[in-house]
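Printed here is input_23.pdb (PDB, C-alpha atoms):
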MODEL        1
ATOM      1  CA  MET A 121      98.240  86.339  36.901  1.00  0.00           C
ATOM      2  CA  GLN A 122     101.810  87.058  37.920  1.00  0.00           C
ATOM      3  CA  PRO A 123     102.230  90.492  39.543  1.00  0.00           C
ATOM      4  CA  LEU A 124     103.982  92.827  37.119  1.00  0.00           C
ATOM      5  CA  ILE A 125     106.153  94.104  39.964  1.00  0.00           C
ATOM      6  CA  ASN A 126     107.664  90.601  40.228  1.00  0.00           C
ATOM      7  CA  LYS A 127     107.784  89.937  36.498  1.00  0.00           C
ATOM      8  CA  TYR A 128     109.759  93.125  35.834  1.00  0.00           C
ATOM      9  CA  ILE A 129     112.257  93.066  38.679  1.00  0.00           C
ATOM     10  CA  PRO A 130     115.449  94.455  37.080  1.00  0.00           C
ATOM     11  CA  LYS A 131     118.103  91.843  36.376  1.00  0.00           C
ATOM     12  CA  THR A 132     120.780  94.391  35.476  1.00  0.00           C
ATOM     13  CA  THR A 133     121.509  97.974  36.474  1.00  0.00           C
ATOM     14  CA  LYS A 134     120.730  99.099  32.915  1.00  0.00           C
ATOM     15  CA  GLU A 135     117.095  98.233  33.630  1.00  0.00           C
ATOM     16  CA  ILE A 136     116.997 100.623  36.611  1.00  0.00           C
ATOM     17  CA  PHE A 137     116.044 104.176  35.693  1.00  0.00           C
ATOM     18  CA  GLY A 138     117.003 107.439  37.361  1.00  0.00           C
ATOM     19  CA  GLN A 139     119.619 106.203  39.851  1.00  0.00           C
ATOM     20  CA  ASP A 140     122.843 106.102  37.824  1.00  0.00           C
ATOM     21  CA  GLU A 141     124.937 108.083  40.305  1.00  0.00           C
ATOM     22  CA  SER A 142     123.720 106.149  43.355  1.00  0.00           C
ATOM     23  CA  ILE A 143     124.272 102.807  41.633  1.00  0.00           C
ATOM     24  CA  ALA A 144     127.788 103.868  40.616  1.00  0.00           C
ATOM     25  CA  GLN A 145     128.592 104.732  44.256  1.00  0.00           C
ATOM     26  CA  LEU A 146     127.231 101.414  45.479  1.00  0.00           C
ATOM     27  CA  ARG A 147     129.074  99.416  42.817  1.00  0.00           C
ATOM     28  CA  LYS A 148     132.339 101.198  43.684  1.00  0.00           C
ATOM     29  CA  PHE A 149     131.890 100.375  47.375  1.00  0.00           C
ATOM     30  CA  ILE A 150     131.284  96.689  46.644  1.00  0.00           C
ATOM     31  CA  ILE A 151     134.124  96.307  44.130  1.00  0.00           C
ATOM     32  CA  ASN A 152     136.646  98.163  46.316  1.00  0.00           C
ATOM     33  CA  PHE A 153     135.395  96.700  49.593  1.00  0.00           C
ATOM     34  CA  ALA A 154     138.811  95.395  50.680  1.00  0.00           C
ATOM     35  CA  LYS A 155     140.221  98.929  50.475  1.00  0.00           C
ATOM     36  CA  GLU A 156     137.229 100.727  51.998  1.00  0.00           C
ATOM     37  CA  LYS A 157     137.565 102.321  55.439  1.00  0.00           C
ATOM     38  CA  LYS A 158     133.964 101.392  56.253  1.00  0.00           C
ATOM     39  CA  ASN A 159     132.627  97.837  55.948  1.00  0.00           C
ATOM     40  CA  SER A 160     129.044  98.771  55.173  1.00  0.00           C
ATOM     41  CA  ALA A 161     126.886 100.926  52.936  1.00  0.00           C
ATOM     42  CA  LEU A 162     123.580 102.373  54.077  1.00  0.00           C
ATOM     43  CA  ILE A 163     121.368 103.149  51.098  1.00  0.00           C
ATOM     44  CA  TYR A 164     118.281 105.174  51.815  1.00  0.00           C
ATOM     45  CA  GLY A 165     115.307 106.798  50.159  1.00  0.00           C
ATOM     46  CA  THR A 166     111.546 106.585  49.827  1.00  0.00           C
ATOM     47  CA  SER A 167     109.758 103.412  48.736  1.00  0.00           C
ATOM     48  CA  GLY A 168     109.972 102.300  45.132  1.00  0.00           C
ATOM     49  CA  THR A 169     113.207 104.093  44.225  1.00  0.00           C
ATOM     50  CA  GLY A 170     115.180 100.933  43.403  1.00  0.00           C
ATOM     51  CA  LYS A 171     117.273 100.399  46.556  1.00  0.00           C
ATOM     52  CA  THR A 172     116.902  96.644  47.022  1.00  0.00           C
ATOM     53  CA  CYS A 173     116.729  95.732  43.335  1.00  0.00           C
ATOM     54  CA  SER A 174     119.941  97.714  42.701  1.00  0.00           C
ATOM     55  CA  VAL A 175     121.827  95.545  45.195  1.00  0.00           C
ATOM     56  CA  HIS A 176     120.531  92.398  43.489  1.00  0.00           C
ATOM     57  CA  ALA A 177     121.326  93.745  40.015  1.00  0.00           C
ATOM     58  CA  ILE A 178     124.909  94.638  40.983  1.00  0.00           C
ATOM     59  CA  ALA A 179     125.390  91.228  42.616  1.00  0.00           C
ATOM     60  CA  ASN A 180     124.087  89.587  39.447  1.00  0.00           C
ATOM     61  CA  GLU A 181     126.437  91.590  37.215  1.00  0.00           C
ATOM     62  CA  LEU A 182     129.475  90.930  39.408  1.00  0.00           C
ATOM     63  CA  GLY A 183     128.671  87.239  39.898  1.00  0.00           C
ATOM     64  CA  LEU A 184     128.342  87.598  43.664  1.00  0.00           C
ATOM     65  CA  GLU A 185     126.231  85.517  46.000  1.00  0.00           C
ATOM     66  CA  ILE A 186     123.675  87.580  47.916  1.00  0.00           C
ATOM     67  CA  VAL A 187     122.416  86.782  51.422  1.00  0.00           C
ATOM     68  CA  GLU A 188     119.284  88.831  52.133  1.00  0.00           C
ATOM     69  CA  VAL A 189     117.441  89.314  55.402  1.00  0.00           C
ATOM     70  CA  ASN A 190     114.686  91.735  56.349  1.00  0.00           C
ATOM     71  CA  ALA A 191     115.461  93.415  59.666  1.00  0.00           C
ATOM     72  CA  SER A 192     111.779  93.665  60.612  1.00  0.00           C
ATOM     73  CA  ASP A 193     111.452  89.851  60.481  1.00  0.00           C
ATOM     74  CA  PHE A 194     113.603  89.334  63.573  1.00  0.00           C
ATOM     75  CA  ARG A 195     111.979  89.427  66.997  1.00  0.00           C
ATOM     76  CA  ASN A 196     115.250  89.365  68.892  1.00  0.00           C
ATOM     77  CA  THR A 197     118.968  89.892  68.426  1.00  0.00           C
ATOM     78  CA  GLU A 198     119.703  86.154  68.697  1.00  0.00           C
ATOM     79  CA  GLN A 199     117.722  85.433  65.528  1.00  0.00           C
ATOM     80  CA  LEU A 200     119.444  88.280  63.697  1.00  0.00           C
ATOM     81  CA  GLU A 201     122.883  87.166  64.797  1.00  0.00           C
ATOM     82  CA  LEU A 202     122.174  83.535  63.910  1.00  0.00           C
ATOM     83  CA  LYS A 203     121.101  84.375  60.345  1.00  0.00           C
ATOM     84  CA  VAL A 204     123.523  87.175  59.467  1.00  0.00           C
ATOM     85  CA  GLY A 205     126.363  86.053  61.729  1.00  0.00           C
ATOM     86  CA  ASN A 206     126.496  82.651  60.057  1.00  0.00           C
ATOM     87  CA  ALA A 207     126.459  84.251  56.597  1.00  0.00           C
ATOM     88  CA  ILE A 208     129.410  86.424  57.568  1.00  0.00           C
ATOM     89  CA  LYS A 209     131.441  83.481  58.861  1.00  0.00           C
ATOM     90  CA  GLN A 210     130.714  81.024  56.045  1.00  0.00           C
ATOM     91  CA  ARG A 211     132.744  81.040  52.867  1.00  0.00           C
ATOM     92  CA  SER A 212     130.888  82.062  49.759  1.00  0.00           C
ATOM     93  CA  LEU A 213     129.493  79.360  47.499  1.00  0.00           C
ATOM     94  CA  PHE A 214     131.237  81.222  44.693  1.00  0.00           C
ATOM     95  CA  ALA A 215     134.891  82.154  44.540  1.00  0.00           C
ATOM     96  CA  SER A 216     133.976  85.747  43.744  1.00  0.00           C
ATOM     97  CA  GLY A 217     132.403  86.380  47.163  1.00  0.00           C
ATOM     98  CA  LYS A 218     129.067  87.647  48.420  1.00  0.00           C
ATOM     99  CA  ILE A 219     127.041  90.606  49.635  1.00  0.00           C
ATOM    100  CA  ILE A 220     125.138  90.661  52.931  1.00  0.00           C
ATOM    101  CA  LEU A 221     121.899  92.626  52.424  1.00  0.00           C
ATOM    102  CA  ILE A 222     119.988  93.754  55.520  1.00  0.00           C
ATOM    103  CA  ASP A 223     116.765  95.203  54.169  1.00  0.00           C
ATOM    104  CA  GLU A 224     114.526  97.760  55.889  1.00  0.00           C
ATOM    105  CA  ILE A 225     116.537  98.477  59.033  1.00  0.00           C
ATOM    106  CA  ASP A 226     113.753 100.926  59.915  1.00  0.00           C
ATOM    107  CA  GLY A 227     112.034  97.784  61.207  1.00  0.00           C
ATOM    108  CA  LEU A 228     114.505  97.703  64.082  1.00  0.00           C
ATOM    109  CA  SER A 229     112.974 100.907  65.461  1.00  0.00           C
ATOM    110  CA  GLY A 230     110.072  98.881  66.816  1.00  0.00           C
ATOM    111  CA  HIS A 231     112.346  97.146  69.297  1.00  0.00           C
ATOM    112  CA  GLU A 232     112.321  98.462  72.841  1.00  0.00           C
ATOM    113  CA  ASP A 233     116.086  98.189  73.208  1.00  0.00           C
ATOM    114  CA  ARG A 234     118.922  98.955  70.851  1.00  0.00           C
ATOM    115  CA  GLY A 235     120.199  95.381  70.850  1.00  0.00           C
ATOM    116  CA  GLY A 236     119.472  94.856  67.176  1.00  0.00           C
ATOM    117  CA  ILE A 237     121.428  97.929  66.138  1.00  0.00           C
ATOM    118  CA  GLN A 238     124.388  97.050  68.350  1.00  0.00           C
ATOM    119  CA  THR A 239     124.365  93.515  66.934  1.00  0.00           C
ATOM    120  CA  ILE A 240     124.547  94.857  63.370  1.00  0.00           C
ATOM    121  CA  ILE A 241     127.400  97.214  64.316  1.00  0.00           C
ATOM    122  CA  LYS A 242     129.390  94.282  65.709  1.00  0.00           C
ATOM    123  CA  MET A 243     128.719  92.253  62.554  1.00  0.00           C
ATOM    124  CA  ILE A 244     129.882  95.162  60.403  1.00  0.00           C
ATOM    125  CA  SER A 245     133.180  95.210  62.291  1.00  0.00           C
ATOM    126  CA  ASP A 246     133.641  91.441  61.957  1.00  0.00           C
ATOM    127  CA  SER A 247     132.487  90.979  58.364  1.00  0.00           C
ATOM    128  CA  ALA A 248     134.838  89.871  55.609  1.00  0.00           C
ATOM    129  CA  TYR A 249     132.096  90.715  53.086  1.00  0.00           C
ATOM    130  CA  PRO A 250     130.404  94.013  52.222  1.00  0.00           C
ATOM    131  CA  ILE A 251     127.240  94.644  54.220  1.00  0.00           C
ATOM    132  CA  VAL A 252     124.565  96.734  52.521  1.00  0.00           C
ATOM    133  CA  MET A 253     121.600  98.046  54.514  1.00  0.00           C
ATOM    134  CA  THR A 254     118.477  99.765  53.218  1.00  0.00           C
ATOM    135  CA  ALA A 255     116.295 102.289  55.021  1.00  0.00           C
ATOM    136  CA  THR A 256     113.564 104.772  54.288  1.00  0.00           C
ATOM    137  CA  ASN A 257     114.728 107.217  56.948  1.00  0.00           C
ATOM    138  CA  PRO A 258     118.062 106.465  58.663  1.00  0.00           C
ATOM    139  CA  PHE A 259     118.320 109.860  60.383  1.00  0.00           C
ATOM    140  CA  GLU A 260     116.661 108.978  63.677  1.00  0.00           C
ATOM    141  CA  ASN A 261     119.032 109.373  66.622  1.00  0.00           C
ATOM    142  CA  LYS A 262     119.064 105.646  67.332  1.00  0.00           C
ATOM    143  CA  PHE A 263     120.716 105.044  63.929  1.00  0.00           C
ATOM    144  CA  SER A 264     123.559 107.533  64.514  1.00  0.00           C
ATOM    145  CA  SER A 265     126.124 104.819  65.284  1.00  0.00           C
ATOM    146  CA  LEU A 266     125.144 102.897  62.137  1.00  0.00           C
ATOM    147  CA  ARG A 267     125.494 106.046  60.054  1.00  0.00           C
ATOM    148  CA  SER A 268     129.004 106.663  61.367  1.00  0.00           C
ATOM    149  CA  LYS A 269     130.038 103.122  60.389  1.00  0.00           C
ATOM    150  CA  SER A 270     128.545 103.252  56.914  1.00  0.00           C
ATOM    151  CA  ASN A 271     128.940 104.846  53.503  1.00  0.00           C
ATOM    152  CA  MET A 272     125.708 106.810  53.089  1.00  0.00           C
ATOM    153  CA  ILE A 273     124.176 106.559  49.601  1.00  0.00           C
ATOM    154  CA  GLU A 274     120.914 108.328  48.800  1.00  0.00           C
ATOM    155  CA  PHE A 275     118.375 107.002  46.293  1.00  0.00           C
ATOM    156  CA  LYS A 276     116.282 110.039  45.387  1.00  0.00           C
ATOM    157  CA  ALA A 277     112.596 109.932  44.547  1.00  0.00           C
ATOM    158  CA  LEU A 278     112.258 109.154  40.868  1.00  0.00           C
ATOM    159  CA  ASP A 279     111.406 111.828  38.336  1.00  0.00           C
ATOM    160  CA  TYR A 280     108.059 111.094  36.711  1.00  0.00           C
ATOM    161  CA  LEU A 281     109.780 110.666  33.327  1.00  0.00           C
ATOM    162  CA  ALA A 282     111.881 107.821  34.752  1.00  0.00           C
ATOM    163  CA  ILE A 283     108.689 106.144  35.928  1.00  0.00           C
ATOM    164  CA  PHE A 284     107.073 106.858  32.561  1.00  0.00           C
ATOM    165  CA  ASN A 285     109.925 105.025  30.796  1.00  0.00           C
ATOM    166  CA  ILE A 286     109.498 102.033  33.109  1.00  0.00           C
ATOM    167  CA  LEU A 287     105.754 101.877  32.466  1.00  0.00           C
ATOM    168  CA  LYS A 288     106.216 102.434  28.729  1.00  0.00           C
ATOM    169  CA  ARG A 289     108.541  99.419  28.512  1.00  0.00           C
ATOM    170  CA  ILE A 290     106.082  97.261  30.445  1.00  0.00           C
ATOM    171  CA  CYS A 291     103.168  98.356  28.262  1.00  0.00           C
ATOM    172  CA  GLY A 292     105.168  97.468  25.175  1.00  0.00           C
ATOM    173  CA  ASN A 293     106.028  94.008  26.470  1.00  0.00           C
ATOM    174  CA  GLU A 294     102.500  93.323  27.757  1.00  0.00           C
ATOM    175  CA  LYS A 295     100.822  94.788  24.641  1.00  0.00           C
ATOM    176  CA  ILE A 296      98.873  97.289  26.754  1.00  0.00           C
ATOM    177  CA  LYS A 297      97.334 100.120  24.736  1.00  0.00           C
ATOM    178  CA  TYR A 298      97.752 103.599  26.167  1.00  0.00           C
ATOM    179  CA  GLU A 299      97.731 107.290  25.381  1.00  0.00           C
ATOM    180  CA  GLU A 300     101.043 108.923  26.204  1.00  0.00           C
ATOM    181  CA  GLY A 301      99.379 111.718  28.194  1.00  0.00           C
ATOM    182  CA  VAL A 302      97.463 109.222  30.344  1.00  0.00           C
ATOM    183  CA  LEU A 303     100.582 107.150  31.004  1.00  0.00           C
ATOM    184  CA  LYS A 304     102.462 110.307  32.013  1.00  0.00           C
ATOM    185  CA  ALA A 305      99.605 111.250  34.342  1.00  0.00           C
ATOM    186  CA  LEU A 306      99.813 107.820  35.971  1.00  0.00           C
ATOM    187  CA  SER A 307     103.569 108.303  36.337  1.00  0.00           C
ATOM    188  CA  ARG A 308     103.139 111.700  38.001  1.00  0.00           C
ATOM    189  CA  ARG A 309     100.600 110.508  40.537  1.00  0.00           C
ATOM    190  CA  ALA A 310     102.989 107.818  41.820  1.00  0.00           C
ATOM    191  CA  GLY A 311     104.980 110.450  43.706  1.00  0.00           C
ATOM    192  CA  GLY A 312     108.380 109.027  42.724  1.00  0.00           C
ATOM    193  CA  ASP A 313     107.447 105.441  43.670  1.00  0.00           C
ATOM    194  CA  ALA A 314     107.959 103.111  40.695  1.00  0.00           C
ATOM    195  CA  ARG A 315     106.569 100.117  42.573  1.00  0.00           C
ATOM    196  CA  ALA A 316     103.284 101.917  43.251  1.00  0.00           C
ATOM    197  CA  ALA A 317     103.061 103.017  39.615  1.00  0.00           C
ATOM    198  CA  ILE A 318     103.513  99.460  38.327  1.00  0.00           C
ATOM    199  CA  ASN A 319     100.892  98.147  40.754  1.00  0.00           C
ATOM    200  CA  ASP A 320      98.455 100.886  39.643  1.00  0.00           C
ATOM    201  CA  LEU A 321      99.116 100.016  35.992  1.00  0.00           C
ATOM    202  CA  GLN A 322      98.249  96.379  36.644  1.00  0.00           C
ATOM    203  CA  THR A 323      95.103  97.304  38.591  1.00  0.00           C
ATOM    204  CA  LEU A 324      93.873  99.502  35.747  1.00  0.00           C
ATOM    205  CA  THR A 325      94.632  97.094  32.886  1.00  0.00           C
ATOM    206  CA  GLN A 326      94.062  93.587  34.260  1.00  0.00           C
ATOM    207  CA  ASP A 327      90.511  93.325  32.864  1.00  0.00           C
ATOM    208  CA  LYS A 328      91.413  94.718  29.452  1.00  0.00           C
ATOM    209  CA  LYS A 329      94.797  95.514  27.989  1.00  0.00           C
ATOM    210  CA  GLU A 330      94.174  99.217  27.741  1.00  0.00           C
ATOM    211  CA  LEU A 331      94.918 102.239  29.920  1.00  0.00           C
ATOM    212  CA  THR A 332      92.284 104.927  29.541  1.00  0.00           C
ATOM    213  CA  LYS A 333      91.730 108.376  30.976  1.00  0.00           C
ATOM    214  CA  GLU A 334      88.437 107.159  32.428  1.00  0.00           C
ATOM    215  CA  SER A 335      90.058 104.264  34.322  1.00  0.00           C
ATOM    216  CA  LEU A 336      92.701 106.606  35.728  1.00  0.00           C
ATOM    217  CA  GLU A 337      89.996 109.002  36.933  1.00  0.00           C
ATOM    218  CA  GLU A 338      88.112 106.107  38.530  1.00  0.00           C
ATOM    219  CA  LEU A 339      91.252 105.035  40.386  1.00  0.00           C
ATOM    220  CA  ALA A 340      91.857 108.593  41.623  1.00  0.00           C
ATOM    221  CA  GLU A 341      88.276 108.836  42.855  1.00  0.00           C
ATOM    222  CA  ARG A 342      88.506 105.428  44.559  1.00  0.00           C
ATOM    223  CA  ASN A 343      91.743 106.383  46.322  1.00  0.00           C
ATOM    224  CA  LYS A 344      90.195 109.676  47.416  1.00  0.00           C
ATOM    225  CA  THR A 345      87.229 107.793  48.876  1.00  0.00           C
ATOM    226  CA  ASP A 346      89.526 105.315  50.674  1.00  0.00           C
TER     227      ASP A 346
ENDMDL
END
Please rewrite the model in this file as structure tokens.
Amino acid sequence: MQPLINKYIPKTTKEIFGQDESIAQLRKFIINFAKEKKNSALIYGTSGTGKTCSVHAIANELGLEIVEVNASDFRNTEQLELKVGNAIKQRSLFASGKIILIDEIDGLSGHEDRGGIQTIIKMISDSAYPIVMTATNPFENKFSSLRSKSNMIEFKALDYLAIFNILKRICGNEKIKYEEGVLKALSRRAGGDARAAINDLQTLTQDKKELTKESLEELAERNKTD
């Protein structure tokens, strides 16, 4: 069975709930990149708030190519520079341009030196394309130079009603029966993380297409035991 989190990845920004202001800021940065004083945007917030999927949705709407790398995947600066550096230098496959997405720069904090951060800063200076980075917490001292080079855009933890609307749409499409109060309870317990809420919904309804109060209580008890 296909994971619901993959099946319902937003294709457009209209499918992303609760982040209108942040998305508008990010879209403005990308559209006006040639006039921007800073070549990069650093979008940050807790997990499951729509950071990465917003970049993809905007790229899709604007017809831009997207080159995505995960910072934690690179063991050394040479690998990072080879992948991202080449993307910066190469012309886009499409006349409209491209976005360089460096996901989860928090992963760089595991490196003993600051080589990875300095490499990204150099690429930001050299890039003819907008560079968008994502982070959970970019306020560690080691990221201070990246912050100064970037437009900072916060993605706030989602209100439970935003998560409720996401889950409600999925339940409708998947023909999952639910009581509104139970679905709202599931939305609240996600703590602003839409990804976690969708995964919990699938866990609770994969055997039968119904979300019940009893199944939600069982999940809460299981998580408490874990």
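Between A:Ser167 and the residues A:Ala255, A:Ile286, A:Met272, A:Leu321, the shortest atom-to-atom distance, using all atoms listed in the file, involves A:Ala255.
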### Query
Quick one: distance from atom CA of A:Lys171 to atom CA of A:Gly312 in Å, one decimal?
13.0 Å
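Of the residues listed (A:Thr239, A:Asn271, A:Ser264, A:Thr132), A:Asn271 shows the shortest atom-to-atom separation from A:Ile150; distances use only C-alpha atoms.
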### Query
Rounded to one decimal in Å, what is the spacing between atom CA of A:Tyr298 and atom CA of A:Ile283?
14.9 Å
### Message
One decimal, in Å: what's the spacing between atom CA of A:Phe137 and atom CA of A:Glu338?
### Response
28.1 Å
